[in-house]
There are 2 protein chains.
Amino acid sequence: MAQKRVLIVGGGAIGLAIGWRLARAGCAAALFDRGRVGHSASWASAGMLSPLSEVQFEEEDLLHLGLKGLAVYPEFVSELEADTGCCVGYRRDGVLLVGITQDDLEYLKFRYRYQRDLGLSVAYLSGDEAREREPHLSAQVSAAVWCPGDHQVDNRHLVRALRKGLVAAGGEVFEEMGVDELLIDGTRVRGVRVGEEVFEGDTVVLASGCWSRLIPGLPDCARPPVRPVRGQIMRLAMTEDFALNTMVWYSRVATSTVAYLVPKDNGHLVLGATSEEMGFDEDVTAGGMFELLRAAWEVVPGVYDLPVVESLAGLRPGSRDDAPILGETPIEGLIMATGHYRKGILLTPLTALSIAEVILERRTPALIQPFGIDRFGL
Amino acid sequence: MAQKRVLIVGGGAIGLAIGWRLARAGCAAALFDRGRVGHSASWASAGMLSPLSEVQFEEEDLLHLGLKGLAVYPEFVSELEADTGCCVGYRRDGVLLVGITQDDLEYLKFRYRYQRDLGLSVAYLSGDEAREREPHLSAQVSAAVWCPGDHQVDNRHLVRALRKGLVAAGGEVFEEMGVDELLIDGTRVRGVRVGEEVFEGDTVVLASGCWSRLIPGLPDCARPPVRPVRGQIMRLAMTEDFALNTMVWYSRVATSTVAYLVPKDNGHLVLGATSEEMGFDEDVTAGGMFELLRAAWEVVPGVYDLPVVESLAGLRPGSRDDAPILGETPIEGLIMATGHYRKGILLTPLTALSIAEVILERRTPALIQPFGIDRFGL
């Protein structure tokens, strides 16, 4: 059997993971990124793997995708770490959803009942019970929902390891080489053009996040309805006498602010994230930082004295219904792996395994069937 | 007459300005800095020249020094710009001291009466009158004191121009060459040692800001009582539809926060500054940024959407009585020019002119006589 040649457009966690799975399965995988691999939305993520705490009303398909995404994580990580010798910082911390005001508490209770009705393993805690679990919580925190099944990974270690795995398995990474045109013959993909150079392939995977609909040559029927949703984050440096045990998630109802605090093995504390419809603007703003700092300080006052290491913004790829866009398209050989919105890191293993199955076995797993581009009726 | 050889320890605005004045007067001036010239406290300053708005109770000597410091600025700037061809962004914006709460207003009135009793040209404005002057002020601002006599300079342009002027006049700049020892023969200064190398000089000027007391070889009688007072600042990028006309100064009484907003010619808006006794810690912290952003947003809500360009901390040199330490010492040839605390940029010209007079004319101007190191009885 001739070696399958797969071109991957976009070098975030999703594209890298697909490339790694295909390369280790014997494909000739080549990945193109217009910038630095792994340095867009994947870099700005906090690496939360939190389908339980993030569950949204009326999104049960997406919840099940997320739960399955989390379920396949440990084995995926084991294989990746074995392939590469890298540690990607997979941790089973659990998330505390916390609230302060009466409005926050009403919201927490509402969420808790919804989570419980879905059969998720969560517990409602008093403020004191929450502080037993995480002593750095403010005395103002009056209740919490404990989601022990939510985990995390170091998103930056993850993209580094995926890249290493891809290259070690014989894949190629073309960095700072944006795809200038998708080449299609009739209804079949033929390859991509980068500058004057043409790369031919049997399969092209579109994994360019919020930029996915902008690749020249994409026909309307295969142009994914994705848009950028800006997320600003900050990284603080934890000190020896200050280190969180759990992830903390705070919905500040009064201002519709969502903020989470995610401690990392390297001593960083990630504060995330705004959610802003600002087009392709990647600025970090005064207001974004202000909201993050205020929310973090309210629930974990000890952050006040921590040094600020970094602040940056990433652009999440939100689709029209906020769910990912996965699998085949009307163009033969053109595969979608985009629109992961807030769940890109969580769904990286599941997406990679599923898309590899689509490409290698010509079979679309049932789990991703609801997430095809056909649902938009383009 | 043999050429006088002057060694200057410290390359902030003060040291550079002294070097420039001495070099253009014919001295052989050599300046040493342990880091990048102009990149410590001078870089983190907002460049406010605001003796009126910053006047503190019971500091009338210092007020007169500041007023004189401002009075000599225009001619100093003219000479520097003529010498170097640089523009240092001298602007006569004026400062609006603003308040929101009843406590803020009581404080504003108290300050206003004190300023008026001192004969300063200031005006008490209603919130609406203040907004006529600066339409970007929040509707929450309920009163203001207008200080039209306060000016500003671009502190970064200033240090660049001073360095250029110093070098153009034949002076030498030794960057990233910290002085390892002050060399003294009996009661007379002989020079400095940097690594293995000895530089001899008739005069040594100590202008190392908060590091001034740490130079090895300094005898107790000439060790200035200075300490670092951390100031965190941020720089935002103003947009076309958002540009402040005036400087805004806000004393947020409820939290003892002082914040000011200073628009620069390059489109930056400087937000300053915390005032923290944290030793030599130069971290930018979550709490520091939070306080600046909250205060700025309260009085000028339009800052919310502005991109954050930079955040950094500088260490002001505060002396035991918060006034500068200027002039001769018990060690012949050893001259102090340190301890300028919040007024380093304001007092740069006056300090340079006065210290040049001390060195060239062997005469201590009356204005700086109250600020000698002898006042501490070391």
# chains A, B, ... in the order shown; residues from 1 in each chain; ligands from 1

call {"tool": "interface_residues", "arguments": {"of": "chain B", "to": "chain A", "cutoff": "12 Å", "atoms": "only C-alpha atoms", "output": "number ranges by chain"}}
result
B: 232, 234-238, 269-271, 276, 278, 281-298, 300-313

call {"tool": "residues_around", "arguments": {"residues": "region 348-359 of chain B", "least_positions_apart": "5", "cutoff": "7 Å", "atoms": "only C-alpha atoms", "output": "MDAnalysis selection string"}}
result
chainID B and resid 13:14 17:18 21:22 69 72:73 76 327 364:365

call {"tool": "select_by_dssp", "arguments": {"residues": "region 308-378 of chain A", "states": "strand (DSSP E)", "output": "CSV table (one decimal) with all heavy atoms, in the first residue's frame"}}
result
chain,number,residue,atom,x,y,z
A,308,VAL,N,3.6,39.2,38.5
A,308,VAL,CA,2.9,38.9,37.2
A,308,VAL,C,4.0,38.6,36.2
A,308,VAL,O,5.0,39.3,36.0
A,308,VAL,CB,2.2,40.2,36.6
A,308,VAL,CG1,1.6,39.9,35.3
A,308,VAL,CG2,1.1,40.6,37.6
A,309,VAL,N,3.9,37.4,35.6
A,309,VAL,CA,5.0,36.9,34.8
A,309,VAL,C,4.7,37.2,33.3
A,309,VAL,O,5.5,37.4,32.5
A,309,VAL,CB,5.1,35.3,34.9
A,309,VAL,CG1,6.1,34.8,34.0
A,309,VAL,CG2,5.4,35.0,36.4
A,310,GLU,N,3.4,37.2,33.0
A,310,GLU,CA,3.0,37.2,31.6
A,310,GLU,C,1.5,37.7,31.5
A,310,GLU,O,0.7,37.3,32.3
A,310,GLU,CB,3.2,35.8,31.0
A,310,GLU,CG,3.2,35.7,29.5
A,310,GLU,CD,3.4,34.2,29.1
A,310,GLU,OE1,3.9,33.4,29.9
A,310,GLU,OE2,2.9,33.9,28.0
A,311,SER,N,1.2,38.4,30.4
A,311,SER,CA,-0.2,38.5,30.1
A,311,SER,C,-0.3,38.5,28.6
A,311,SER,O,0.5,39.0,27.9
A,311,SER,CB,-0.7,39.9,30.6
A,311,SER,OG,0.1,40.9,30.4
A,312,LEU,N,-1.3,37.7,28.1
A,312,LEU,CA,-1.4,37.6,26.7
A,312,LEU,C,-2.9,37.3,26.3
A,312,LEU,O,-3.7,37.0,27.2
A,312,LEU,CB,-0.5,36.6,26.1
A,312,LEU,CG,-0.8,35.1,26.2
A,312,LEU,CD1,0.0,34.3,25.2
A,312,LEU,CD2,-0.5,34.6,27.6
A,313,ALA,N,-3.1,37.3,25.0
A,313,ALA,CA,-4.5,37.0,24.6
A,313,ALA,C,-4.4,36.0,23.5
A,313,ALA,O,-3.4,35.9,22.7
A,313,ALA,CB,-5.1,38.3,24.0
A,314,GLY,N,-5.4,35.1,23.4
A,314,GLY,CA,-5.5,34.1,22.4
A,314,GLY,C,-6.9,34.2,21.7
A,314,GLY,O,-7.8,34.8,22.3
A,315,LEU,N,-7.0,33.7,20.5
A,315,LEU,CA,-8.3,33.8,19.8
A,315,LEU,C,-8.8,32.3,19.7
A,315,LEU,O,-8.3,31.5,19.0
A,315,LEU,CB,-8.1,34.4,18.4
A,315,LEU,CG,-7.5,35.8,18.4
A,315,LEU,CD1,-7.3,36.3,17.0
A,315,LEU,CD2,-8.4,36.7,19.2
A,316,ARG,N,-9.9,32.1,20.5
A,316,ARG,CA,-10.5,30.8,20.4
A,316,ARG,C,-11.4,30.7,19.2
A,316,ARG,O,-12.0,31.7,18.8
A,316,ARG,CB,-11.5,30.6,21.6
A,316,ARG,CG,-11.0,30.8,23.0
A,316,ARG,CD,-12.1,30.6,24.0
A,316,ARG,NE,-11.8,31.0,25.3
A,316,ARG,CZ,-11.9,32.3,25.8
A,316,ARG,NH1,-12.4,33.2,25.0
A,316,ARG,NH2,-11.6,32.5,27.0
A,317,PRO,N,-11.4,29.5,18.6
A,317,PRO,CA,-12.3,29.4,17.4
A,317,PRO,C,-13.7,29.0,17.8
A,317,PRO,O,-13.9,27.8,18.1
A,317,PRO,CB,-11.5,28.3,16.6
A,317,PRO,CG,-10.8,27.5,17.6
A,317,PRO,CD,-10.6,28.4,18.8
A,318,GLY,N,-14.6,29.9,17.8
A,318,GLY,CA,-16.0,29.6,18.1
A,318,GLY,C,-16.7,29.4,16.8
A,318,GLY,O,-16.6,30.1,15.9
A,319,SER,N,-17.5,28.3,16.8
A,319,SER,CA,-18.3,28.0,15.6
A,319,SER,C,-19.7,28.6,15.8
A,319,SER,O,-20.0,29.2,16.9
A,319,SER,CB,-18.4,26.5,15.4
A,319,SER,OG,-19.4,26.0,16.3
A,325,ILE,N,-16.2,21.4,14.7
A,325,ILE,CA,-16.5,21.0,13.4
A,325,ILE,C,-15.5,20.0,13.0
A,325,ILE,O,-14.3,20.3,12.8
A,325,ILE,CB,-16.5,22.2,12.4
A,325,ILE,CG1,-17.4,23.3,13.0
A,325,ILE,CG2,-16.9,21.8,11.0
A,325,ILE,CD1,-17.3,24.7,12.2
A,326,LEU,N,-16.0,18.7,12.8
A,326,LEU,CA,-15.1,17.6,12.7
A,326,LEU,C,-15.5,16.7,11.6
A,326,LEU,O,-16.7,16.4,11.4
A,326,LEU,CB,-15.1,16.8,14.0
A,326,LEU,CG,-14.8,17.5,15.3
A,326,LEU,CD1,-15.1,16.7,16.6
A,326,LEU,CD2,-13.4,18.0,15.3
A,327,GLY,N,-14.5,16.2,10.8
A,327,GLY,CA,-14.8,15.1,9.9
A,327,GLY,C,-14.8,15.6,8.5
A,327,GLY,O,-14.3,16.6,8.1
A,328,GLU,N,-15.4,14.7,7.6
A,328,GLU,CA,-15.4,14.9,6.2
A,328,GLU,C,-16.2,16.1,5.7
A,328,GLU,O,-17.1,16.6,6.5
A,328,GLU,CB,-15.9,13.6,5.5
A,328,GLU,CG,-14.9,12.4,5.8
A,328,GLU,CD,-15.2,11.2,5.0
A,328,GLU,OE1,-16.3,10.7,5.1
A,328,GLU,OE2,-14.3,10.8,4.2
A,334,LEU,N,-10.8,16.5,2.0
A,334,LEU,CA,-10.7,17.7,2.8
A,334,LEU,C,-11.4,17.4,4.2
A,334,LEU,O,-12.6,17.1,4.2
A,334,LEU,CB,-11.3,18.9,2.2
A,334,LEU,CG,-11.2,20.2,3.0
A,334,LEU,CD1,-9.8,20.6,3.3
A,334,LEU,CD2,-12.0,21.3,2.3
A,335,ILE,N,-10.6,17.4,5.2
A,335,ILE,CA,-11.2,17.0,6.6
A,335,ILE,C,-11.1,18.3,7.5
A,335,ILE,O,-10.1,19.0,7.5
A,335,ILE,CB,-10.3,15.9,7.2
A,335,ILE,CG1,-10.1,14.8,6.2
A,335,ILE,CG2,-10.8,15.5,8.5
A,335,ILE,CD1,-11.3,14.0,5.9
A,336,MET,N,-12.2,18.4,8.3
A,336,MET,CA,-12.3,19.5,9.2
A,336,MET,C,-11.9,19.1,10.6
A,336,MET,O,-12.2,18.0,11.1
A,336,MET,CB,-13.7,20.0,9.4
A,336,MET,CG,-14.3,20.7,8.2
A,336,MET,SD,-13.6,22.3,7.9
A,336,MET,CE,-13.5,22.4,6.2
A,337,ALA,N,-11.1,19.9,11.3
A,337,ALA,CA,-10.8,19.7,12.7
A,337,ALA,C,-10.6,21.1,13.3
A,337,ALA,O,-9.5,21.5,13.6
A,337,ALA,CB,-9.5,18.9,12.9
A,338,THR,N,-11.7,21.8,13.5
A,338,THR,CA,-11.7,23.2,13.9
A,338,THR,C,-12.9,23.5,14.8
A,338,THR,O,-13.7,22.7,15.0
A,338,THR,CB,-11.6,24.1,12.7
A,338,THR,OG1,-11.4,25.4,13.1
A,338,THR,CG2,-12.8,24.0,11.8

call {"tool": "residues_around", "arguments": {"residues": "region 168-176 of chain B", "least_positions_apart": "3", "cutoff": "8 Å", "atoms": "only C-alpha atoms", "output": "PyMOL selection string"}}
result
chain B and resi 19-20+23-24+28-37+84+163-165

call {"tool": "residues_around", "arguments": {"residues": "Pro225 (chain B)", "least_positions_apart": "6", "cutoff": "12 Å", "atoms": "only C-alpha atoms", "output": "list in words"}}
result
Gly209, Cys210, Trp211, Ser212, Arg213, Leu214, Pro317, Gly318, Ser319, Arg320, Asp321, Asp322, Ala323, Pro324, Ile325, Met336, Thr338, Gly339, His340, Tyr341, Gly372, Ile373, Asp374, Arg375, Phe376, Gly377 and Leu378 of chain B

call {"tool": "residues_around", "arguments": {"residues": "region 106-120 of chain B", "least_positions_apart": "4", "cutoff": "8 Å", "atoms": "only C-alpha atoms", "output": "PyMOL selection string"}}
result
chain B and resi 52+55+57+97-99+102+124+144-145+253

call {"tool": "atom_distance", "arguments": {"atom1": "CA of Val248 (chain A)", "atom2": "CA of Val262 (chain A)"}}
result
6.8 Å

call {"tool": "atom_distance", "arguments": {"atom1": "CA of Thr329 (chain A)", "atom2": "CA of Pro216 (chain A)"}}
result
16.4 Å

call {"tool": "select_by_dssp", "arguments": {"residues": "region 91-329 of chain A", "states": "alpha helix (DSSP H)", "output": "NGL selection string"}}
result
:A and (102-117 or 127-133 or 155-168 or 286-299)

call {"tool": "closest_residue", "arguments": {"among": "A:Thr255, A:Gln152, A:Ser275, A:Thr203", "to": "Val6 (chain A)", "atoms": "only C-alpha atoms"}}
result
A:Thr203

call {"tool": "closest_residue", "arguments": {"among": "A:Val198, A:Met247, A:Leu182, A:Leu158", "to": "Ser78 (chain A)", "atoms": "only C-alpha atoms"}}
result
A:Leu158
